[in-house]
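To keep things clear, I will list the structure first and then write my remarks on it.
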Amino acid sequence: MNERDFADLAVGHALNALSEADERAYQEAMAGNPHWDHHVRDASDIVTAISASVEPVEPPPSVRASLFARISELPQDSASPVDESSSRLDEEDFAAVGAAPVAPERESVTIGPSAASGWGPRRWFTLAASFAAVLVLGFGAVTVSQILAPPAAVVALQQIEDAPDAQSATATMPDGTVATAHWSPSTGQSVLVTDGMPAPEQGKTYELWFVRGETPIAAGTFEPDADGKATAVLQGEMHSGDVIAVTIEPAGGSPDGTPSSAPVVAVATA
């Protein structure tokens, strides 16, 4: 399994939409590739954000009618009789399910993994159904493409890791913060990934720096999540031998472009 396949499975796992076989493959890949855990965090964050930001909306009666119309058009398997009383959706069940996904639209989705990976149209339909449970189509401002689009920092990290000249360095700070710098000269990108980083005080933020010799060069600000995890792109060009550092600055970053405090993170890249 490659990393792209695993990222797809991570979304399905976060939505509880994996089959038993896929869940086993997901768990095995996770155990064998612990450095892929950022995909798990990203998928979980996406699903949590959807659930927290979208207000429940009662679907219109026309949606229920459309759902039953489609069900009636499906071919029936005479070899396996179905108890009508157990298959009928009542009003409360339908309200919980929400709007039904429109299956034909799936043809416009480009699926990255190969057919050999098993991540085919059937599992994409399962994901679409899971999204329908938290989104009322046509009523929200969030689209599925926006939900599935990974953050820019995650994209940059993936591009670095896929590059033939990808490099990384890790440092553990006295307070337990683990910081890993990833960079690739061919992509011209660098990313800092943190774990266990305490939240800054109110009115403060973390600022990134390239320290070139004795000269600090501002490279953007970031905020870790509640677990102290962050994936942040450094703005600007990294040079060979730069130290990647983090300081605590006023919200918005250092007002004069120079660090106002000693680094709380410093990762040597040479």
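Order determines the names: the first chain of the structure tokens is A, the second B, and so forth; residues in each chain are numbered 1 upward, and ligands are numbered 1 upward as they are shown.
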Item to complete: Within 6 Å of segment 2-17 of chain A, counting only C-alpha atoms, which residues show up once you throw out same-chain ones fewer than 6 positions away? Write them as a list in words, please.
Response: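 The residues that qualify are His39, Val40, Ala43, Ser44 and Pro113 of chain A.
Using only C-alpha atoms, the contacts of Leu234 of chain A at a cut-off of 10 Å, with sequence neighbours closer than 6 positions omitted, comprise A:Ala153, A:Ala181, A:Trp183, A:Gln189, A:Ser190, A:Val191, A:Leu192, A:Glu207, A:Leu208, A:Trp209, A:Phe210, A:Ala218, A:Ala219, A:Gly220, A:Thr221, A:Phe222, A:Ile244.
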Worksheet item: atom CA of Pro185 of chain A and atom CA of Pro34 of chain A are how many Å apart?
Response: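 Computing it gives 24.8 Å between the two atoms.
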Discussion item. Let me make sure I understand: among A:Ser186, A:Asn33, A:Gly213, A:Met173, which one has the smallest atom-to-atom distance to Val246 of chain A if we use only C-alpha atoms?
Written reply: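 Closest candidate: A:Met173.
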Item to complete: Report the distance between atom CA of Ala266 of chain A and atom CA of Asp37 of chain A in Å, rounded to one decimal place.
Response: 22.9 Å
Item to complete: Work out how far atom CA of Ser19 of chain A is from atom CA of Lys229 of chain A, in Å to one decimal.
Response: 29.2 Å
Worksheet item: Near segment 195-200 of chain A, counting only C-alpha atoms, which residues have an atom at most 8 Å away, once you skip same-chain residues fewer than 4 positions from it, shown as a list of chain:residue names?
Response: A:Gly176, A:Thr177, A:Val178, A:Ala179, A:Lys204, A:Thr205, A:Tyr206, A:Glu223, A:Pro224, A:Asp225, A:Ala226, A:Asp227, A:Gly228, A:Lys229, A:Ala230, A:Ile248
Write out as a JSON list (two decimals) with all heavy atoms, in the first residue's frame which residues come within 10 Å of Ala163 of chain A when counting only C-alpha atoms, dropping same-chain ones fewer than 3 positions away.
[["chain", "number", "residue", "atom", "x", "y", "z"],
["A", 157, "LEU", "N", 4.00, 19.11, 2.53],
["A", 157, "LEU", "CA", 4.71, 18.00, 3.17],
["A", 157, "LEU", "C", 4.71, 16.77, 2.28],
["A", 157, "LEU", "O", 5.73, 16.08, 2.15],
["A", 157, "LEU", "CB", 4.07, 17.69, 4.53],
["A", 157, "LEU", "CG", 4.71, 16.54, 5.33],
["A", 157, "LEU", "CD1", 6.17, 16.83, 5.62],
["A", 157, "LEU", "CD2", 3.93, 16.30, 6.62],
["A", 158, "GLN", "N", 3.58, 16.49, 1.66],
["A", 158, "GLN", "CA", 3.49, 15.35, 0.76],
["A", 158, "GLN", "C", 4.44, 15.51, -0.43],
["A", 158, "GLN", "O", 5.13, 14.56, -0.82],
["A", 158, "GLN", "CB", 2.06, 15.20, 0.26],
["A", 158, "GLN", "CG", 1.84, 13.98, -0.64],
["A", 158, "GLN", "CD", 1.99, 12.68, 0.11],
["A", 158, "GLN", "OE1", 1.25, 12.42, 1.05],
["A", 158, "GLN", "NE2", 2.95, 11.86, -0.27],
["A", 159, "GLN", "N", 4.50, 16.71, -0.98],
["A", 159, "GLN", "CA", 5.39, 16.96, -2.12],
["A", 159, "GLN", "C", 6.85, 16.79, -1.72],
["A", 159, "GLN", "O", 7.65, 16.25, -2.48],
["A", 159, "GLN", "CB", 5.14, 18.36, -2.66],
["A", 159, "GLN", "CG", 3.79, 18.53, -3.34],
["A", 159, "GLN", "CD", 3.47, 19.96, -3.71],
["A", 159, "GLN", "OE1", 4.11, 20.90, -3.22],
["A", 159, "GLN", "NE2", 2.49, 20.16, -4.57],
["A", 160, "ILE", "N", 7.18, 17.23, -0.51],
["A", 160, "ILE", "CA", 8.55, 17.06, -0.02],
["A", 160, "ILE", "C", 8.87, 15.58, 0.14],
["A", 160, "ILE", "O", 9.93, 15.10, -0.31],
["A", 160, "ILE", "CB", 8.74, 17.80, 1.32],
["A", 160, "ILE", "CG1", 8.69, 19.31, 1.11],
["A", 160, "ILE", "CG2", 10.06, 17.40, 1.97],
["A", 160, "ILE", "CD1", 8.65, 20.10, 2.39],
["A", 166, "ALA", "N", 14.32, 14.43, -0.66],
["A", 166, "ALA", "CA", 13.68, 14.77, 0.61],
["A", 166, "ALA", "C", 14.62, 14.50, 1.78],
["A", 166, "ALA", "O", 15.31, 13.48, 1.83],
["A", 166, "ALA", "CB", 12.40, 13.97, 0.78],
["A", 167, "GLN", "N", 14.65, 15.43, 2.73],
["A", 167, "GLN", "CA", 15.46, 15.28, 3.93],
["A", 167, "GLN", "C", 14.65, 15.71, 5.15],
["A", 167, "GLN", "O", 13.68, 16.46, 5.04],
["A", 167, "GLN", "CB", 16.72, 16.15, 3.83],
["A", 167, "GLN", "CG", 17.61, 15.83, 2.64],
["A", 167, "GLN", "CD", 18.83, 16.74, 2.58],
["A", 167, "GLN", "OE1", 19.67, 16.71, 3.47],
["A", 167, "GLN", "NE2", 18.91, 17.54, 1.53],
["A", 183, "TRP", "N", 12.42, 19.06, 4.40],
["A", 183, "TRP", "CA", 12.73, 19.98, 3.31],
["A", 183, "TRP", "C", 13.22, 19.21, 2.08],
["A", 183, "TRP", "O", 13.63, 18.06, 2.16],
["A", 183, "TRP", "CB", 13.78, 21.01, 3.74],
["A", 183, "TRP", "CG", 15.17, 20.47, 3.97],
["A", 183, "TRP", "CD1", 16.22, 20.47, 3.10],
["A", 183, "TRP", "CD2", 15.65, 19.87, 5.18],
["A", 183, "TRP", "NE1", 17.33, 19.91, 3.68],
["A", 183, "TRP", "CE2", 17.02, 19.54, 4.95],
["A", 183, "TRP", "CE3", 15.09, 19.58, 6.42],
["A", 183, "TRP", "CZ2", 17.81, 18.91, 5.93],
["A", 183, "TRP", "CZ3", 15.87, 18.96, 7.39],
["A", 183, "TRP", "CH2", 17.22, 18.64, 7.16],
["A", 184, "SER", "N", 13.14, 19.89, 0.94],
["A", 184, "SER", "CA", 13.56, 19.32, -0.33],
["A", 184, "SER", "C", 14.06, 20.45, -1.22],
["A", 184, "SER", "O", 13.28, 21.33, -1.59],
["A", 184, "SER", "CB", 12.40, 18.59, -1.01],
["A", 184, "SER", "OG", 12.64, 18.43, -2.39],
["A", 185, "PRO", "N", 15.34, 20.46, -1.56],
["A", 185, "PRO", "CA", 15.86, 21.51, -2.46],
["A", 185, "PRO", "C", 15.16, 21.55, -3.81],
["A", 185, "PRO", "O", 14.93, 22.62, -4.36],
["A", 185, "PRO", "CB", 17.33, 21.12, -2.62],
["A", 185, "PRO", "CG", 17.66, 20.38, -1.35],
["A", 185, "PRO", "CD", 16.42, 19.61, -1.04],
["A", 186, "SER", "N", 14.77, 20.39, -4.34],
["A", 186, "SER", "CA", 14.16, 20.38, -5.67],
["A", 186, "SER", "C", 12.77, 21.00, -5.67],
["A", 186, "SER", "O", 12.36, 21.60, -6.67],
["A", 186, "SER", "CB", 14.09, 18.94, -6.21],
["A", 186, "SER", "OG", 13.22, 18.15, -5.42],
["A", 187, "THR", "N", 12.03, 20.88, -4.58],
["A", 187, "THR", "CA", 10.70, 21.49, -4.50],
["A", 187, "THR", "C", 10.77, 22.92, -3.98],
["A", 187, "THR", "O", 9.82, 23.69, -4.13],
["A", 187, "THR", "CB", 9.76, 20.68, -3.60],
["A", 187, "THR", "OG1", 10.23, 20.73, -2.24],
["A", 187, "THR", "CG2", 9.67, 19.22, -4.06]]
Item to complete: Could you give me the residues within segment 140-267 of chain A that DSSP places in strand (DSSP E or B), as a PyMOL selection string?
Response: chain A and resi 167-172+178-184+189-195+204-212+215-222+230-233+243-250+265-267
Residue selection dump (N, CA and C atoms) as a compact mmCIF listing (two decimals), in the first residue's frame:
# COMPACT_ATOMS: atom_id res chain seq x y z
N GLN A 167 14.65 15.43 2.73
CA GLN A 167 15.46 15.28 3.93
C GLN A 167 14.65 15.71 5.15
N SER A 168 15.08 15.23 6.31
CA SER A 168 14.38 15.62 7.54
C SER A 168 15.35 15.56 8.71
N ALA A 169 15.01 16.29 9.75
CA ALA A 169 15.79 16.29 10.99
C ALA A 169 14.83 16.52 12.14
N THR A 170 15.08 15.84 13.26
CA THR A 170 14.18 15.91 14.42
C THR A 170 14.94 16.36 15.66
N ALA A 171 14.27 17.16 16.47
CA ALA A 171 14.85 17.60 17.75
C ALA A 171 13.77 17.51 18.82
N THR A 172 14.17 17.09 20.01
CA THR A 172 13.26 17.03 21.16
C THR A 172 13.67 18.11 22.15
N VAL A 178 8.37 17.63 20.41
CA VAL A 178 9.14 16.98 19.34
C VAL A 178 8.89 17.74 18.05
N ALA A 179 9.93 18.22 17.43
CA ALA A 179 9.81 19.00 16.20
C ALA A 179 10.64 18.35 15.10
N THR A 180 10.00 18.16 13.95
CA THR A 180 10.68 17.56 12.80
C THR A 180 10.61 18.52 11.62
N ALA A 181 11.75 18.85 11.09
CA ALA A 181 11.83 19.71 9.90
C ALA A 181 11.95 18.81 8.67
N HIS A 182 11.16 19.11 7.66
CA HIS A 182 11.20 18.39 6.38
C HIS A 182 11.53 19.41 5.30
N TRP A 183 12.42 19.06 4.40
CA TRP A 183 12.73 19.98 3.31
C TRP A 183 13.22 19.21 2.08
N SER A 184 13.14 19.89 0.94
CA SER A 184 13.56 19.32 -0.33
C SER A 184 14.06 20.45 -1.22
N GLN A 189 10.70 23.75 -0.90
CA GLN A 189 9.77 23.88 0.21
C GLN A 189 10.37 23.30 1.50
N SER A 190 9.91 23.83 2.62
CA SER A 190 10.29 23.29 3.92
C SER A 190 9.08 23.38 4.85
N VAL A 191 8.93 22.38 5.69
CA VAL A 191 7.78 22.25 6.58
C VAL A 191 8.26 21.82 7.96
N LEU A 192 7.66 22.39 8.99
CA LEU A 192 7.95 21.97 10.36
C LEU A 192 6.72 21.26 10.92
N VAL A 193 6.93 20.07 11.47
CA VAL A 193 5.85 19.29 12.09
C VAL A 193 6.16 19.18 13.58
N THR A 194 5.20 19.55 14.42
CA THR A 194 5.42 19.50 15.86
C THR A 194 4.44 18.55 16.54
N ASP A 195 4.85 18.07 17.71
CA ASP A 195 3.99 17.21 18.52
C ASP A 195 4.27 17.53 19.99
N LYS A 204 -0.44 35.78 22.14
CA LYS A 204 0.88 35.39 21.63
C LYS A 204 0.71 34.38 20.51
N THR A 205 1.75 34.19 19.72
CA THR A 205 1.75 33.20 18.65
C THR A 205 3.16 32.65 18.49
N TYR A 206 3.26 31.53 17.79
CA TYR A 206 4.57 30.98 17.46
C TYR A 206 5.00 31.53 16.10
N GLU A 207 6.27 31.93 16.02
CA GLU A 207 6.80 32.42 14.74
C GLU A 207 7.99 31.57 14.32
N LEU A 208 8.02 31.25 13.03
CA LEU A 208 9.08 30.43 12.44
C LEU A 208 10.21 31.33 11.93
N TRP A 209 11.42 30.78 11.98
CA TRP A 209 12.59 31.52 11.52
C TRP A 209 13.57 30.58 10.82
N PHE A 210 14.17 31.07 9.74
CA PHE A 210 15.39 30.48 9.21
C PHE A 210 16.54 31.23 9.90
N VAL A 211 17.39 30.52 10.60
CA VAL A 211 18.55 31.17 11.21
C VAL A 211 19.76 30.84 10.34
N ARG A 212 20.22 31.84 9.62
CA ARG A 212 21.30 31.69 8.65
C ARG A 212 22.55 32.34 9.23
N THR A 215 21.93 35.35 11.53
CA THR A 215 20.84 36.21 11.06
C THR A 215 19.51 35.45 11.02
N PRO A 216 18.52 35.86 11.83
CA PRO A 216 17.19 35.23 11.76
C PRO A 216 16.35 35.85 10.66
N ILE A 217 15.67 35.01 9.90
CA ILE A 217 14.82 35.46 8.81
C ILE A 217 13.40 34.94 9.07
N ALA A 218 12.45 35.86 9.22
CA ALA A 218 11.07 35.47 9.54
C ALA A 218 10.48 34.59 8.46
N ALA A 219 9.75 33.53 8.89
CA ALA A 219 9.21 32.56 7.93
C ALA A 219 7.76 32.20 8.21
N GLY A 220 7.01 33.09 8.90
CA GLY A 220 5.59 32.84 9.11
C GLY A 220 5.25 32.44 10.53
N THR A 221 3.97 32.46 10.84
CA THR A 221 3.48 32.11 12.17
C THR A 221 2.57 30.89 12.09
N PHE A 222 2.34 30.25 13.23
CA PHE A 222 1.43 29.10 13.27
C PHE A 222 0.92 28.90 14.68
N ALA A 230 1.12 20.38 14.99
CA ALA A 230 1.02 21.40 13.94
C ALA A 230 1.84 20.96 12.74
N THR A 231 1.39 21.37 11.57
CA THR A 231 2.16 21.19 10.34
C THR A 231 2.19 22.55 9.67
N ALA A 232 3.36 23.17 9.63
CA ALA A 232 3.46 24.55 9.18
C ALA A 232 4.50 24.68 8.07
N VAL A 233 4.12 25.37 6.99
CA VAL A 233 5.04 25.66 5.90
C VAL A 233 5.88 26.88 6.26
N VAL A 243 19.29 26.77 10.36
CA VAL A 243 18.63 26.21 11.53
C VAL A 243 17.18 26.70 11.49
N ILE A 244 16.25 25.80 11.69
CA ILE A 244 14.84 26.17 11.74
C ILE A 244 14.46 26.36 13.19
N ALA A 245 14.05 27.58 13.53
CA ALA A 245 13.76 27.93 14.92
C ALA A 245 12.35 28.46 15.07
N VAL A 246 11.86 28.41 16.30
CA VAL A 246 10.53 28.93 16.63
C VAL A 246 10.64 29.79 17.89
N THR A 247 10.05 30.96 17.85
CA THR A 247 10.00 31.82 19.04
C THR A 247 8.55 32.17 19.34
N ILE A 248 8.32 32.67 20.55
CA ILE A 248 6.99 33.15 20.94
C ILE A 248 6.96 34.66 20.73
N GLU A 249 6.00 35.10 19.92
CA GLU A 249 5.92 36.52 19.56
C GLU A 249 4.50 37.05 19.79
N PRO A 250 4.32 38.36 19.74
CA PRO A 250 2.97 38.92 19.82
C PRO A 250 2.11 38.39 18.68
N VAL A 265 12.13 26.27 20.06
CA VAL A 265 12.42 25.12 19.19
C VAL A 265 13.57 25.52 18.28
N ALA A 266 14.52 24.61 18.11
CA ALA A 266 15.61 24.84 17.17
C ALA A 266 16.00 23.49 16.58
N VAL A 267 15.91 23.38 15.26
CA VAL A 267 16.23 22.13 14.57
C VAL A 267 17.36 22.41 13.59
